[in-house]
>>> print(open('target-v8.pdb').read())   # PDB, C-alpha atoms
ATOM      1  CA  MET A 154      85.945 140.197 103.861  1.00  0.00           C
ATOM      2  CA  LYS A 155      89.293 138.832 105.016  1.00  0.00           C
ATOM      3  CA  THR A 156      92.431 139.099 102.963  1.00  0.00           C
ATOM      4  CA  ALA A 157      94.322 136.018 101.871  1.00  0.00           C
ATOM      5  CA  VAL A 158      97.136 135.956 104.376  1.00  0.00           C
ATOM      6  CA  PRO A 159      99.280 132.886 105.065  1.00  0.00           C
ATOM      7  CA  CYS A 160      98.052 130.867 108.054  1.00  0.00           C
ATOM      8  CA  TYR A 161      99.538 128.011 110.074  1.00  0.00           C
ATOM      9  CA  TYR A 162      98.139 125.681 112.729  1.00  0.00           C
ATOM     10  CA  HIS A 163      99.874 122.901 114.715  1.00  0.00           C
ATOM     11  CA  LEU A 164      98.282 120.320 117.015  1.00  0.00           C
ATOM     12  CA  ASP A 165      99.937 117.500 118.962  1.00  0.00           C
ATOM     13  CA  VAL A 166      97.538 114.772 120.004  1.00  0.00           C
ATOM     14  CA  GLU A 167      97.571 111.236 121.341  1.00  0.00           C
ATOM     15  CA  VAL A 168      95.236 109.384 119.017  1.00  0.00           C
ATOM     16  CA  ASN A 169      92.369 107.305 120.365  1.00  0.00           C
ATOM     17  CA  PRO A 170      88.873 106.716 118.957  1.00  0.00           C
ATOM     18  CA  GLU A 171      87.307 109.491 121.052  1.00  0.00           C
ATOM     19  CA  ARG A 172      89.900 112.073 120.003  1.00  0.00           C
ATOM     20  CA  VAL A 173      89.497 111.509 116.239  1.00  0.00           C
ATOM     21  CA  GLY A 174      86.136 113.305 116.124  1.00  0.00           C
ATOM     22  CA  GLN A 175      87.383 116.046 118.434  1.00  0.00           C
ATOM     23  CA  VAL A 176      90.436 116.681 116.241  1.00  0.00           C
ATOM     24  CA  SER A 177      88.188 116.847 113.190  1.00  0.00           C
ATOM     25  CA  ARG A 178      86.032 119.523 114.855  1.00  0.00           C
ATOM     26  CA  ILE A 179      89.147 121.510 115.842  1.00  0.00           C
ATOM     27  CA  LEU A 180      90.457 121.438 112.265  1.00  0.00           C
ATOM     28  CA  ALA A 181      87.027 122.443 110.941  1.00  0.00           C
ATOM     29  CA  ALA A 182      86.906 125.403 113.326  1.00  0.00           C
ATOM     30  CA  HIS A 183      90.278 126.654 112.071  1.00  0.00           C
ATOM     31  CA  LEU A 184      89.212 126.259 108.458  1.00  0.00           C
ATOM     32  CA  ARG A 185      86.062 128.280 109.164  1.00  0.00           C
ATOM     33  CA  PHE A 186      88.147 130.970 110.858  1.00  0.00           C
ATOM     34  CA  TRP A 187      90.371 131.121 107.750  1.00  0.00           C
ATOM     35  CA  ASP A 188      87.235 131.408 105.523  1.00  0.00           C
ATOM     36  CA  LEU A 189      87.905 128.005 103.953  1.00  0.00           C
ATOM     37  CA  ASP A 190      84.512 126.440 104.622  1.00  0.00           C
ATOM     38  CA  ASN A 191      84.554 124.674 101.259  1.00  0.00           C
ATOM     39  CA  LEU A 192      87.638 122.662 102.290  1.00  0.00           C
ATOM     40  CA  ILE A 193      86.267 121.380 105.607  1.00  0.00           C
ATOM     41  CA  GLN A 194      84.803 118.137 104.280  1.00  0.00           C
ATOM     42  CA  PRO A 195      87.811 116.901 102.248  1.00  0.00           C
ATOM     43  CA  VAL A 196      90.425 118.001 104.789  1.00  0.00           C
ATOM     44  CA  CYS A 197      88.644 116.685 107.862  1.00  0.00           C
ATOM     45  CA  GLY A 198      87.683 113.486 106.030  1.00  0.00           C
ATOM     46  CA  GLY A 199      91.287 112.811 105.033  1.00  0.00           C
ATOM     47  CA  ALA A 200      92.599 113.646 108.493  1.00  0.00           C
ATOM     48  CA  GLU A 201      89.997 111.417 110.179  1.00  0.00           C
ATOM     49  CA  MET A 202      90.852 108.534 107.883  1.00  0.00           C
ATOM     50  CA  LEU A 203      94.582 108.798 108.614  1.00  0.00           C
ATOM     51  CA  LEU A 204      94.043 109.204 112.361  1.00  0.00           C
ATOM     52  CA  LYS A 205      91.793 106.136 112.469  1.00  0.00           C
ATOM     53  CA  ALA A 206      94.421 104.106 110.591  1.00  0.00           C
ATOM     54  CA  ILE A 207      97.134 105.319 112.968  1.00  0.00           C
ATOM     55  CA  ASP A 208      94.931 104.403 115.942  1.00  0.00           C
ATOM     56  CA  GLU A 209      94.325 100.945 114.494  1.00  0.00           C
ATOM     57  CA  HIS A 210      97.857 100.034 113.366  1.00  0.00           C
ATOM     58  CA  ALA A 211     100.402 102.138 115.280  1.00  0.00           C
ATOM     59  CA  THR A 212     101.928 101.260 118.627  1.00  0.00           C
ATOM     60  CA  ASP A 213     102.971 104.872 119.366  1.00  0.00           C
ATOM     61  CA  LYS A 214      99.786 106.964 119.208  1.00  0.00           C
ATOM     62  CA  ASN A 215     101.464 110.401 119.547  1.00  0.00           C
ATOM     63  CA  THR A 216     100.724 112.336 116.387  1.00  0.00           C
ATOM     64  CA  SER A 217     101.329 115.859 115.094  1.00  0.00           C
ATOM     65  CA  ILE A 218      98.905 117.583 112.755  1.00  0.00           C
ATOM     66  CA  GLU A 219      99.787 120.734 110.839  1.00  0.00           C
ATOM     67  CA  MET A 220      97.869 122.874 108.375  1.00  0.00           C
ATOM     68  CA  TRP A 221      99.381 125.587 106.156  1.00  0.00           C
ATOM     69  CA  TRP A 222      97.328 127.996 104.059  1.00  0.00           C
ATOM     70  CA  ASN A 223      99.360 130.056 101.577  1.00  0.00           C
ATOM     71  CA  GLY A 224      96.487 131.860  99.880  1.00  0.00           C
ATOM     72  CA  GLN A 225      96.039 129.258  97.133  1.00  0.00           C
ATOM     73  CA  HIS A 226      96.676 125.830  98.664  1.00  0.00           C
ATOM     74  CA  LEU A 227      95.925 124.250 102.011  1.00  0.00           C
ATOM     75  CA  ILE A 228      98.469 121.607 102.988  1.00  0.00           C
ATOM     76  CA  THR A 229      97.577 119.216 105.787  1.00  0.00           C
ATOM     77  CA  ALA A 230     100.353 117.050 107.247  1.00  0.00           C
ATOM     78  CA  ILE A 231     100.010 114.269 109.789  1.00  0.00           C
ATOM     79  CA  GLY A 232     103.181 112.901 111.354  1.00  0.00           C
ATOM     80  CA  ASP A 233     103.351 109.819 113.517  1.00  0.00           C
ATOM     81  CA  ASN A 234     106.149 108.607 115.769  1.00  0.00           C
ATOM     82  CA  ASP A 235     105.806 104.884 115.035  1.00  0.00           C
ATOM     83  CA  ARG A 236     108.813 103.520 113.149  1.00  0.00           C
ATOM     84  CA  ALA A 237     107.153 100.154 112.580  1.00  0.00           C
ATOM     85  CA  LEU A 238     104.072 101.544 110.798  1.00  0.00           C
ATOM     86  CA  ARG A 239     104.532 101.044 107.055  1.00  0.00           C
ATOM     87  CA  PRO A 240     102.528 103.314 104.723  1.00  0.00           C
ATOM     88  CA  ASP A 241     102.844 100.864 101.836  1.00  0.00           C
ATOM     89  CA  GLN A 242     101.173  98.106 103.871  1.00  0.00           C
ATOM     90  CA  GLU A 243      98.938  99.274 106.730  1.00  0.00           C
ATOM     91  CA  LEU A 244      98.032 102.664 105.252  1.00  0.00           C
ATOM     92  CA  ARG A 245      97.702 101.663 101.602  1.00  0.00           C
ATOM     93  CA  GLY A 246      93.901 102.129 101.490  1.00  0.00           C
ATOM     94  CA  CYS A 247      94.147 105.547 103.140  1.00  0.00           C
ATOM     95  CA  LEU A 248      96.807 106.695 100.708  1.00  0.00           C
ATOM     96  CA  GLU A 249      94.760 105.569  97.707  1.00  0.00           C
ATOM     97  CA  HIS A 250      91.778 107.515  99.011  1.00  0.00           C
ATOM     98  CA  LEU A 251      93.943 110.596  99.676  1.00  0.00           C
ATOM     99  CA  ALA A 252      95.331 110.429  96.147  1.00  0.00           C
ATOM    100  CA  ALA A 253      91.798 110.346  94.720  1.00  0.00           C
ATOM    101  CA  MET A 254      90.383 113.220  96.804  1.00  0.00           C
ATOM    102  CA  SER A 255      93.315 115.670  96.980  1.00  0.00           C
ATOM    103  CA  ASP A 256      95.218 117.810  94.513  1.00  0.00           C
ATOM    104  CA  GLY A 257      98.547 116.430  95.713  1.00  0.00           C
ATOM    105  CA  TRP A 258      99.864 114.143  98.415  1.00  0.00           C
ATOM    106  CA  GLY A 259     103.044 112.512  99.608  1.00  0.00           C
ATOM    107  CA  CYS A 260     104.821 110.652 102.360  1.00  0.00           C
ATOM    108  CA  CYS A 261     108.300 111.391 103.638  1.00  0.00           C
ATOM    109  CA  ALA A 262     110.553 110.077 106.385  1.00  0.00           C
ATOM    110  CA  THR A 263     111.876 112.272 109.175  1.00  0.00           C
ATOM    111  CA  GLU A 264     115.308 112.248 110.812  1.00  0.00           C
ATOM    112  CA  THR A 265     113.943 110.197 113.714  1.00  0.00           C
ATOM    113  CA  GLY A 266     112.688 107.405 111.452  1.00  0.00           C
ATOM    114  CA  SER A 267     109.017 108.303 111.701  1.00  0.00           C
ATOM    115  CA  LYS A 268     106.970 109.522 108.751  1.00  0.00           C
ATOM    116  CA  VAL A 269     104.843 112.458 107.654  1.00  0.00           C
ATOM    117  CA  ILE A 270     101.889 112.023 105.314  1.00  0.00           C
ATOM    118  CA  TRP A 271     100.632 115.219 103.687  1.00  0.00           C
ATOM    119  CA  PHE A 272      97.939 116.173 101.220  1.00  0.00           C
ATOM    120  CA  SER A 273      96.964 119.461  99.627  1.00  0.00           C
ATOM    121  CA  GLN A 274      93.710 121.055  98.563  1.00  0.00           C
ATOM    122  CA  ARG A 275      93.572 123.961  96.141  1.00  0.00           C
ATOM    123  CA  ALA A 276      90.956 126.643  96.635  1.00  0.00           C
ATOM    124  CA  ARG A 277      89.029 126.972  93.397  1.00  0.00           C
ATOM    125  CA  ALA A 278      88.906 130.288  91.541  1.00  0.00           C
ATOM    126  CA  GLY A 279      86.275 132.631  92.905  1.00  0.00           C
ATOM    127  CA  GLU A 280      86.117 130.936  96.288  1.00  0.00           C
ATOM    128  CA  ARG A 281      88.798 133.087  97.920  1.00  0.00           C
ATOM    129  CA  VAL A 282      89.733 136.720  97.735  1.00  0.00           C
ATOM    130  CA  PRO A 283      92.527 137.528  95.289  1.00  0.00           C
ATOM    131  CA  LEU A 284      96.066 137.640  96.559  1.00  0.00           C
ATOM    132  CA  VAL A 285      96.586 141.167  95.234  1.00  0.00           C
ATOM    133  CA  PRO A 286      96.330 143.510  98.221  1.00  0.00           C
ATOM    134  CA  THR A 287      94.004 146.434  97.919  1.00  0.00           C
ATOM    135  CA  ALA A 288      95.433 149.846  98.650  1.00  0.00           C
ATOM    136  CA  PRO A 289      93.827 151.469 101.674  1.00  0.00           C
ATOM    137  CA  ALA A 290      91.877 154.626 100.965  1.00  0.00           C
ATOM    138  CA  PRO A 291      92.978 157.475 103.265  1.00  0.00           C
ATOM    139  CA  ARG A 292      90.362 158.969 105.501  1.00  0.00           C
ATOM    140  CA  GLU A 293      89.981 162.701 105.862  1.00  0.00           C
ATOM    141  CA  SER A 294      91.281 162.641 109.397  1.00  0.00           C
ATOM    142  CA  GLU A 295      94.464 160.929 108.211  1.00  0.00           C
ATOM    143  CA  GLY A 296      95.128 163.226 105.250  1.00  0.00           C
ATOM    144  CA  LEU A 297      98.038 165.635 105.473  1.00  0.00           C
ATOM    145  CA  ASP A 298      98.162 169.141 104.029  1.00  0.00           C
ATOM    146  CA  VAL A 299     100.423 169.608 101.049  1.00  0.00           C
ATOM    147  CA  PRO A 300     103.242 171.995 101.948  1.00  0.00           C
ATOM    148  CA  ARG A 301     103.083 175.371 100.258  1.00  0.00           C
ATOM    149  CA  GLU A 302     105.555 176.102  97.554  1.00  0.00           C
ATOM    150  CA  GLU A 303     108.201 178.466  98.852  1.00  0.00           C
ATOM    151  CA  ARG A 304     110.879 180.209  96.893  1.00  0.00           C
ATOM    152  CA  VAL A 305     114.404 179.201  97.685  1.00  0.00           C
ATOM    153  CA  ALA A 306     117.042 181.918  97.483  1.00  0.00           C
ATOM    154  CA  GLN A 307     119.518 181.293  94.714  1.00  0.00           C
ATOM    155  CA  LEU A 308     122.808 180.450  96.263  1.00  0.00           C
ATOM    156  CA  ALA A 309     125.924 182.223  95.067  1.00  0.00           C
ATOM    157  CA  GLY A 310     129.222 180.443  94.713  1.00  0.00           C
ATOM    158  CA  PRO A 311     131.308 179.974  97.850  1.00  0.00           C
ATOM    159  CA  ALA A 312     132.856 183.191  99.053  1.00  0.00           C
ATOM    160  CA  GLY A 313     136.605 183.607  98.756  1.00  0.00           C
ATOM    161  CA  ILE A 314     137.219 180.621  96.418  1.00  0.00           C
ATOM    162  CA  PRO A 315     138.034 181.562  92.821  1.00  0.00           C
ATOM    163  CA  ALA A 316     135.921 179.831  90.136  1.00  0.00           C
ATOM    164  CA  ASP A 317     138.961 178.449  88.326  1.00  0.00           C
ATOM    165  CA  ILE A 318     140.584 176.778  91.336  1.00  0.00           C
ATOM    166  CA  LEU A 319     139.961 173.314  89.920  1.00  0.00           C
ATOM    167  CA  GLU A 320     141.704 174.258  86.694  1.00  0.00           C
ATOM    168  CA  ASP A 321     144.710 175.496  88.647  1.00  0.00           C
ATOM    169  CA  ALA A 322     144.868 172.218  90.619  1.00  0.00           C
ATOM    170  CA  ARG A 323     145.393 170.119  87.457  1.00  0.00           C
TER     171      ARG A 323
END
>>> encode(input="target-v8.pdb", output="structure tokens")
Amino acid sequence: MKTAVPCYYHLDVEVNPERVGQVSRILAAHLRFWDLDNLIQPVCGGAEMLLKAIDEHATDKNTSIEMWWNGQHLITAIGDNDRALRPDQELRGCLEHLAAMSDGWGCCATETGSKVIWFSQRARAGERVPLVPTAPAPRESEGLDVPREERVAQLAGPAGIPADILEDAR
């Protein structure tokens, strides 16, 4: 069983109808590798829907797709480079569907004037391993012997220095 470690994946793609299905399969493969099989359908469905809308409405088809898994939430972000594409007009149906099927979503502008649309999926309780790490059990070959207790000779005061020297210094 894998531990819940943070994961990240980034993919740059030029969107066309043939690539939408391929990107969906790539995302599904990463989700399987991260043991998030239960999130494949909503994540790939949302990504496909946004990529198809970008292919249909955008003039610049270069798109970046990112997925972050933090142990509790999977965030999928799709960023396009088309400044003319308006989420409130061309992508309104996609955004309504994303809002209905995800735990959270949003759209934000970048410094270059393009936009990033993201949505998150929470892994339900019992579907992932807990975030608390388990302590490794030492094997016999790795165990170290406890050092034996040895007596330490009692040290006498420093030789040649009278015990009341500090009193004399005051």
>>> closest_residue(input="target-v8.pdb", among="A:Ala211, A:Val196, A:Met220, A:Met202", to="Leu164 (chain A)", atoms="all atoms listed in the file")
A:Met220
>>> atom_distance(input="target-v8.pdb", atom1="CA of Asn234 (chain A)", atom2="CA of Cys261 (chain A)")
12.6 Å
>>> closest_residue(input="target-v8.pdb", among="A:Lys214, A:Trp221, A:His163, A:His226", to="Ser267 (chain A)", atoms="all atoms listed in the file")
A:Lys214
>>> resolve_selection(input="target-v8.pdb", expression="the PyMOL selection byres ((chain A and resi 257) around 6)", output="mmCIF file with C-alpha atoms, keeping the file's coordinate frame")
data_model
loop_
_atom_site.group_PDB
_atom_site.id
_atom_site.type_symbol
_atom_site.label_atom_id
_atom_site.label_comp_id
_atom_site.auth_asym_id
_atom_site.auth_seq_id
_atom_site.Cartn_x
_atom_site.Cartn_y
_atom_site.Cartn_z
ATOM 1 C CA SER A 255 93.315 115.670 96.980
ATOM 2 C CA ASP A 256 95.218 117.810 94.513
ATOM 3 C CA TRP A 258 99.864 114.143 98.415
ATOM 4 C CA PHE A 272 97.939 116.173 101.220
ATOM 5 C CA SER A 273 96.964 119.461 99.627
#
>>> atom_distance(input="target-v8.pdb", atom1="CA of Arg236 (chain A)", atom2="CA of Ile270 (chain A)")
13.5 Å
>>> residues_around(input="target-v8.pdb", residues="Glu209 (chain A)", least_positions_apart="2", cutoff="12 Å", atoms="only C-alpha atoms", output="PDB file with C-alpha atoms, keeping the file's coordinate frame")
ATOM      1  CA  VAL A 168      95.236 109.384 119.017  1.00  0.00           C
ATOM      2  CA  ASN A 169      92.369 107.305 120.365  1.00  0.00           C
ATOM      3  CA  PRO A 170      88.873 106.716 118.957  1.00  0.00           C
ATOM      4  CA  VAL A 173      89.497 111.509 116.239  1.00  0.00           C
ATOM      5  CA  MET A 202      90.852 108.534 107.883  1.00  0.00           C
ATOM      6  CA  LEU A 203      94.582 108.798 108.614  1.00  0.00           C
ATOM      7  CA  LEU A 204      94.043 109.204 112.361  1.00  0.00           C
ATOM      8  CA  LYS A 205      91.793 106.136 112.469  1.00  0.00           C
ATOM      9  CA  ALA A 206      94.421 104.106 110.591  1.00  0.00           C
ATOM     10  CA  ILE A 207      97.134 105.319 112.968  1.00  0.00           C
ATOM     11  CA  ALA A 211     100.402 102.138 115.280  1.00  0.00           C
ATOM     12  CA  THR A 212     101.928 101.260 118.627  1.00  0.00           C
ATOM     13  CA  ASP A 213     102.971 104.872 119.366  1.00  0.00           C
ATOM     14  CA  LYS A 214      99.786 106.964 119.208  1.00  0.00           C
ATOM     15  CA  LEU A 238     104.072 101.544 110.798  1.00  0.00           C
ATOM     16  CA  GLU A 243      98.938  99.274 106.730  1.00  0.00           C
ATOM     17  CA  LEU A 244      98.032 102.664 105.252  1.00  0.00           C
TER      18      LEU A 244
END
>>> closest_residue(input="target-v8.pdb", among="A:Asp233, A:Cys247, A:Asn223, A:Cys197", to="Leu184 (chain A)", atoms="only C-alpha atoms")
A:Cys197
>>> atom_distance(input="target-v8.pdb", atom1="CA of Trp271 (chain A)", atom2="CA of Pro159 (chain A)")
17.8 Å
>>> decode(input="target-v8.pdb", residues="region 163-200 of chain A", atoms="N, CA and C atoms", output="compact mmCIF listing (two decimals), in the first residue's frame")
# COMPACT_ATOMS: atom_id res chain seq x y z
N HIS A 163 2.57 17.86 -14.72
CA HIS A 163 2.39 18.99 -15.64
C HIS A 163 2.47 18.48 -17.07
N LEU A 164 1.57 18.97 -17.92
CA LEU A 164 1.54 18.56 -19.32
C LEU A 164 1.21 19.78 -20.17
N ASP A 165 2.05 20.06 -21.16
CA ASP A 165 1.77 21.10 -22.15
C ASP A 165 1.32 20.41 -23.42
N VAL A 166 0.22 20.88 -23.98
CA VAL A 166 -0.34 20.21 -25.15
C VAL A 166 -0.98 21.25 -26.07
N GLU A 167 -0.91 20.99 -27.36
CA GLU A 167 -1.67 21.78 -28.33
C GLU A 167 -2.97 21.03 -28.59
N VAL A 168 -4.07 21.65 -28.22
CA VAL A 168 -5.36 20.96 -28.24
C VAL A 168 -5.89 20.81 -29.66
N ASN A 169 -6.30 19.61 -29.98
CA ASN A 169 -7.08 19.31 -31.18
C ASN A 169 -7.97 18.13 -30.84
N PRO A 170 -8.96 17.82 -31.66
CA PRO A 170 -9.91 16.76 -31.28
C PRO A 170 -9.26 15.41 -31.01
N GLU A 171 -8.19 15.08 -31.73
CA GLU A 171 -7.54 13.79 -31.52
C GLU A 171 -6.78 13.75 -30.19
N ARG A 172 -6.24 14.88 -29.77
CA ARG A 172 -5.44 14.92 -28.55
C ARG A 172 -6.28 14.90 -27.27
N VAL A 173 -7.55 15.28 -27.34
CA VAL A 173 -8.38 15.34 -26.14
C VAL A 173 -8.48 13.96 -25.49
N GLY A 174 -8.76 12.94 -26.26
CA GLY A 174 -8.84 11.58 -25.72
C GLY A 174 -7.50 11.08 -25.21
N GLN A 175 -6.43 11.43 -25.92
CA GLN A 175 -5.09 11.02 -25.50
C GLN A 175 -4.72 11.67 -24.17
N VAL A 176 -5.02 12.95 -24.02
CA VAL A 176 -4.73 13.64 -22.76
C VAL A 176 -5.53 13.02 -21.62
N SER A 177 -6.76 12.66 -21.88
CA SER A 177 -7.59 12.02 -20.86
C SER A 177 -6.98 10.70 -20.40
N ARG A 178 -6.46 9.92 -21.33
CA ARG A 178 -5.82 8.64 -20.97
C ARG A 178 -4.53 8.87 -20.18
N ILE A 179 -3.78 9.92 -20.52
CA ILE A 179 -2.55 10.24 -19.79
C ILE A 179 -2.89 10.63 -18.35
N LEU A 180 -3.90 11.48 -18.17
CA LEU A 180 -4.30 11.88 -16.83
C LEU A 180 -4.80 10.68 -16.03
N ALA A 181 -5.56 9.80 -16.68
CA ALA A 181 -6.06 8.60 -15.99
C ALA A 181 -4.91 7.70 -15.56
N ALA A 182 -3.88 7.58 -16.38
CA ALA A 182 -2.74 6.75 -16.01
C ALA A 182 -2.03 7.31 -14.78
N HIS A 183 -1.89 8.62 -14.70
CA HIS A 183 -1.25 9.23 -13.52
C HIS A 183 -2.11 9.05 -12.29
N LEU A 184 -3.42 9.17 -12.43
CA LEU A 184 -4.29 8.97 -11.28
C LEU A 184 -4.24 7.53 -10.79
N ARG A 185 -4.14 6.58 -11.71
CA ARG A 185 -3.99 5.18 -11.29
C ARG A 185 -2.66 4.97 -10.58
N PHE A 186 -1.61 5.57 -11.07
CA PHE A 186 -0.29 5.45 -10.45
C PHE A 186 -0.30 6.03 -9.03
N TRP A 187 -1.08 7.09 -8.82
CA TRP A 187 -1.19 7.71 -7.50
C TRP A 187 -2.24 7.02 -6.62
N ASP A 188 -2.79 5.89 -7.07
CA ASP A 188 -3.84 5.16 -6.35
C ASP A 188 -5.10 5.99 -6.15
N LEU A 189 -5.47 6.76 -7.15
CA LEU A 189 -6.67 7.59 -7.10
C LEU A 189 -7.65 7.16 -8.18
N ASP A 190 -7.85 5.86 -8.29
CA ASP A 190 -8.74 5.33 -9.34
C ASP A 190 -10.15 5.90 -9.25
N ASN A 191 -10.61 6.17 -8.04
CA ASN A 191 -11.98 6.66 -7.87
C ASN A 191 -12.16 8.09 -8.39
N LEU A 192 -11.09 8.81 -8.66
CA LEU A 192 -11.19 10.17 -9.18
C LEU A 192 -11.00 10.26 -10.69
N ILE A 193 -10.75 9.14 -11.34
CA ILE A 193 -10.48 9.17 -12.78
C ILE A 193 -11.66 9.73 -13.56
N GLN A 194 -12.84 9.23 -13.31
CA GLN A 194 -14.01 9.65 -14.10
C GLN A 194 -14.33 11.13 -13.94
N PRO A 195 -14.42 11.68 -12.71
CA PRO A 195 -14.74 13.11 -12.64
C PRO A 195 -13.60 14.02 -13.13
N VAL A 196 -12.37 13.65 -12.87
CA VAL A 196 -11.25 14.51 -13.29
C VAL A 196 -11.09 14.47 -14.80
N CYS A 197 -11.07 13.30 -15.37
CA CYS A 197 -10.90 13.20 -16.83
C CYS A 197 -12.11 13.76 -17.57
N GLY A 198 -13.30 13.58 -17.00
CA GLY A 198 -14.50 14.16 -17.62
C GLY A 198 -14.45 15.68 -17.64
N GLY A 199 -14.06 16.28 -16.51
CA GLY A 199 -13.95 17.73 -16.46
C GLY A 199 -12.86 18.27 -17.37
N ALA A 200 -11.72 17.58 -17.40
CA ALA A 200 -10.62 18.01 -18.26
C ALA A 200 -11.01 17.89 -19.73
